[in-house]
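The structure under discussion appears below in the form of structure tokens.
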Amino acid sequence: MIDELKGTLNHAGEEEVKSLLFQTFFRIHMLEELDQYTEEQFVADLKKTYHDFLNVKRGQTKIKNSTNDKVVHILFDDSAAGSLKWVLKEMGLQDEEMVISFSDVFSIGPIWQLHNQAGLDYREEWLKNHLLLDDDYLDEYRHHFNRTLSMISAIPETASIIIWTGENAHEQIALSYVLYLLRDKRNDITAINTTKQYKKQFNIPEKDNYPLHTGEIMSEKLQLIYQNSSKTTALSKEQREKFEQKWQALAATQEALRIWENRDIKSVDESYYDDLIINKAKMLHQEQKNTEFILSARLIGEVICYLDQYISDVFVEYSVRRLILKGVFEIKGVPKAMRFYSVKLK
């Protein structure tokens, strides 16, 4: 075990070691300065950092040692990743092709400098302080994100890379982000536009909003898209550079919300959907023929169903709570989750 630890640290990057050292020093500082931070919590946090670091490095080693993976797929949705794994198994390719996925929604929350440690810290802190997310998700957020980054970094140069992305702000941001991360790799990289392929293959009118993102596509149809995308050409050097430049521009922004408009990513203020939320509340009040309280989950559902954007219901819920604080809504209940409280317009 000692030899493994020595080897792991010897092969770790400078930034990884600096991050590990910072986390250790920071927790020692908290232990000495904060009475409420106990030695028991300190030991638990230190153990978690230790195990997370080893798990990430073992994951990297597993990828580097895997000589069978001829193709690596990168997706930005757990559901889509699960569907593609099913597809690869059906096609008998599960031992030759690997799936990597991000469990995040890049259209919401800050993406400022997300390609470095400071940006990831900033995003994680914003998510914790603004969105009602499961404790398990938040506890594992950094671990999963770093593990995905490590897996991407460890992709062998002999593997072809396929990035699956739909026409929405979330996946298009992620596409630029990943291509920036891959900027020094010489692998052939192909981008499959799932929105375009779906509408082309299944005769869906261009004006139809479905599918909003790759995760909405059924496994059987995802398989047909993959089979019919075999002739898709790899991105050229110039195309990759454009995406890398796109990411650098996005990484300089401070907004917490981005939408897909005129086939491009547009950063907007977090209050962008406030009027829509208020109008949907007015509509529900009219249906009630009174101004009784509306379960927040119902209001959020109405807004999500109306949207032609993929932004996640947790951001709409956050917007509702902002409007409560601004005095637009009255609240009944405790906003620990959308099902536990109701609102009505003042």
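Just remember, in the structure tokens the first chain shown is A, the second B, etc., residues are 1-based per chain, and ligands are 1-based in the order shown.
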Exercise for the section: Assign secondary structure with DSSP using the backbone only, and return the residues of region 88-199 of chain A in strand (DSSP E or B) as a PyMOL selection string. Expected result: chain A and resi 97-101+108+160-165+189-193
Handout entry: Leu235 (chain A) surroundings by only C-alpha atoms, 6 Å radius, close-in-sequence under 4 positions cut, as a VMD selection string
Key = chain A and resid 189 to 190 239
Let me see the file: selected residues, C-alpha atoms, as a PDB file, in the first residue's frame.
ATOM      1  CA  ILE A 189     -12.853  14.073 -32.106  1.00  0.00           C
ATOM      2  CA  THR A 190     -16.353  13.827 -33.559  1.00  0.00           C
ATOM      3  CA  GLN A 239     -13.289  23.979 -35.744  1.00  0.00           C
TER       4      GLN A 239
END
Counting only C-alpha atoms, which residues of region 157-276 of chain A fall within 9 Å of region 310-324 of chain A, and what is the closest atom pair for each with its distance in Å at one decimal, ordered by chain and rising number, as JSON lines?
{"residue": "A:Asn168", "atom": "CA", "partner": "A:Tyr310", "partner_atom": "CA", "distance": 6.5}
{"residue": "A:Ala169", "atom": "CA", "partner": "A:Tyr310", "partner_atom": "CA", "distance": 7.3}
{"residue": "A:His170", "atom": "CA", "partner": "A:Tyr310", "partner_atom": "CA", "distance": 6.9}
{"residue": "A:Leu212", "atom": "CA", "partner": "A:Tyr310", "partner_atom": "CA", "distance": 6.2}
{"residue": "A:His213", "atom": "CA", "partner": "A:Tyr310", "partner_atom": "CA", "distance": 7.0}
{"residue": "A:Leu257", "atom": "CA", "partner": "A:Ile311", "partner_atom": "CA", "distance": 8.2}
{"residue": "A:Arg258", "atom": "CA", "partner": "A:Ile311", "partner_atom": "CA", "distance": 8.3}
{"residue": "A:Ile259", "atom": "CA", "partner": "A:Ile311", "partner_atom": "CA", "distance": 8.0}
{"residue": "A:Trp260", "atom": "CA", "partner": "A:Tyr310", "partner_atom": "CA", "distance": 8.7}
{"residue": "A:Glu270", "atom": "CA", "partner": "A:Ser319", "partner_atom": "CA", "distance": 7.7}
{"residue": "A:Ser271", "atom": "CA", "partner": "A:Ser319", "partner_atom": "CA", "distance": 7.1}
{"residue": "A:Tyr273", "atom": "CA", "partner": "A:Ser319", "partner_atom": "CA", "distance": 7.8}
{"residue": "A:Asp274", "atom": "CA", "partner": "A:Ser319", "partner_atom": "CA", "distance": 6.9}
Restrict the calculation to only C-alpha atoms, then for each residue of region 189-242 of chain A with any atom at most 7 Å from an atom of region 70-85 of chain A give the closest atom pair and their distance in Å to one decimal, rows by chain and rising residue number, as a tab-separated table.
residue	atom	partner	partner_atom	distance
A:Thr214	CA	A:Ala80	CA	6.0
A:Gly215	CA	A:Ala80	CA	4.3
A:Ser219	CA	A:Ser83	CA	5.0
Fill in the blank from the handout: Computed gap from CA of Ser103 (chain A) to CA of His144 (chain A) is 7.6 Å
Exercise for the section: Excluding Phe202 (chain A) and residues on its chain fewer than 2 positions from it, collect all residues at most 12 Å away from it, counting only C-alpha atoms, and give them as a list in words. Expected result: Thr194, Thr195, Lys196, Gln197, Tyr198, Lys199, Lys200, Ile204, Pro205, Glu206, Tyr210, Pro211, Ile217, Lys221, Leu222, Leu224, Ile225 and Asn228 of chain A
Exercise for the section: Enumerate, as a PyMOL selection string, the complete set of residues in region 165-295 of chain A that a backbone-based DSSP assignment places in alpha helix (DSSP H). Expected result: chain A and resi 169-181+194-201+219-227+237-250+274-288
Produce a table with one row for each residue of region 62-162 of chain A that has an atom at most 12 Å from any atom of region 333-342 of chain A, each row naming the nearest atom pair and its distance in Å at one decimal; use only C-alpha atoms; arrange rows by chain and rising residue number; format as CSV.
residue,atom,partner,partner_atom,distance
A:His130,CA,A:Lys336,CA,11.9
A:Leu131,CA,A:Ala337,CA,9.9
A:Leu132,CA,A:Ala337,CA,6.6
A:Leu133,CA,A:Ala337,CA,8.7
A:Asp134,CA,A:Ala337,CA,9.5
A:Asp135,CA,A:Lys336,CA,11.6
Exercise for the section: Within 9 Å of region 118-127 of chain A, counting only C-alpha atoms, which residues show up once you throw out same-chain ones fewer than 3 positions away? Write them as number ranges by chain, please. Expected result: A: 109-115, 130-133, 138, 141-142, 145, 251
Problem - Residue with smallest distance to Asp139 (chain A) - pool A:Asp35, A:Thr49, A:Leu307, A:Ala256, counting only C-alpha atoms - result: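 Between A:Asp35, A:Thr49, A:Leu307, A:Ala256, the residue approaching Asp139 (chain A) most closely is A:Thr49.
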Hey, what's within 7 Å of region 275-290 of chain A if we count only C-alpha atoms and toss same-chain stuff fewer than 3 positions away? As a PDB file with N, CA, C and O atoms, in the first residue's frame, please?
ATOM      1  N   LEU A 299     -46.565  25.177  -9.631  1.00  0.00           N
ATOM      2  CA  LEU A 299     -46.159  26.382 -10.362  1.00  0.00           C
ATOM      3  C   LEU A 299     -44.879  26.118 -11.157  1.00  0.00           C
ATOM      4  O   LEU A 299     -44.791  26.473 -12.343  1.00  0.00           O
ATOM      5  N   GLU A 302     -45.577  24.023 -14.217  1.00  0.00           N
ATOM      6  CA  GLU A 302     -46.195  24.798 -15.304  1.00  0.00           C
ATOM      7  C   GLU A 302     -45.141  25.577 -16.086  1.00  0.00           C
ATOM      8  O   GLU A 302     -45.188  25.647 -17.316  1.00  0.00           O
ATOM      9  N   VAL A 303     -44.197  26.154 -15.363  1.00  0.00           N
ATOM     10  CA  VAL A 303     -43.149  26.938 -16.019  1.00  0.00           C
ATOM     11  C   VAL A 303     -42.256  26.034 -16.866  1.00  0.00           C
ATOM     12  O   VAL A 303     -41.962  26.334 -18.032  1.00  0.00           O
TER      13      VAL A 303
END
Exercise for the section: Skip region 159-163 of chain A itself and residues of its chain fewer than 3 positions away, then list as a VMD selection string all residues within 12 Å of it, counting only C-alpha atoms. Expected result: chain A and resid 63 to 64 66 to 77 80 to 81 84 96 to 102 152 154 to 156 166 171 to 172 174 to 179 182 185 to 194 214 226 229 to 230 232 to 235
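Across the model, the gap from CA of Tyr50 (chain A) to CA of Thr38 (chain A) is 18.4 Å.
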Exercise for the section: Go through A:Arg298, A:Arg147, A:Lys266, A:Lys346 one by one, measure the shortest atom-to-atom distance of each to Ser107 (chain A) using only C-alpha atoms, and give the residue with the smallest value. Expected result: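 Using only C-alpha atoms, the shortest distance to Ser107 (chain A) belongs to A:Lys266.
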Problem - Two-atom distance - CA of Lys128 (chain A), CA of Glu140 (chain A) (Å) - result: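 Result for CA of Lys128 (chain A) versus CA of Glu140 (chain A): 11.9 Å, one decimal.
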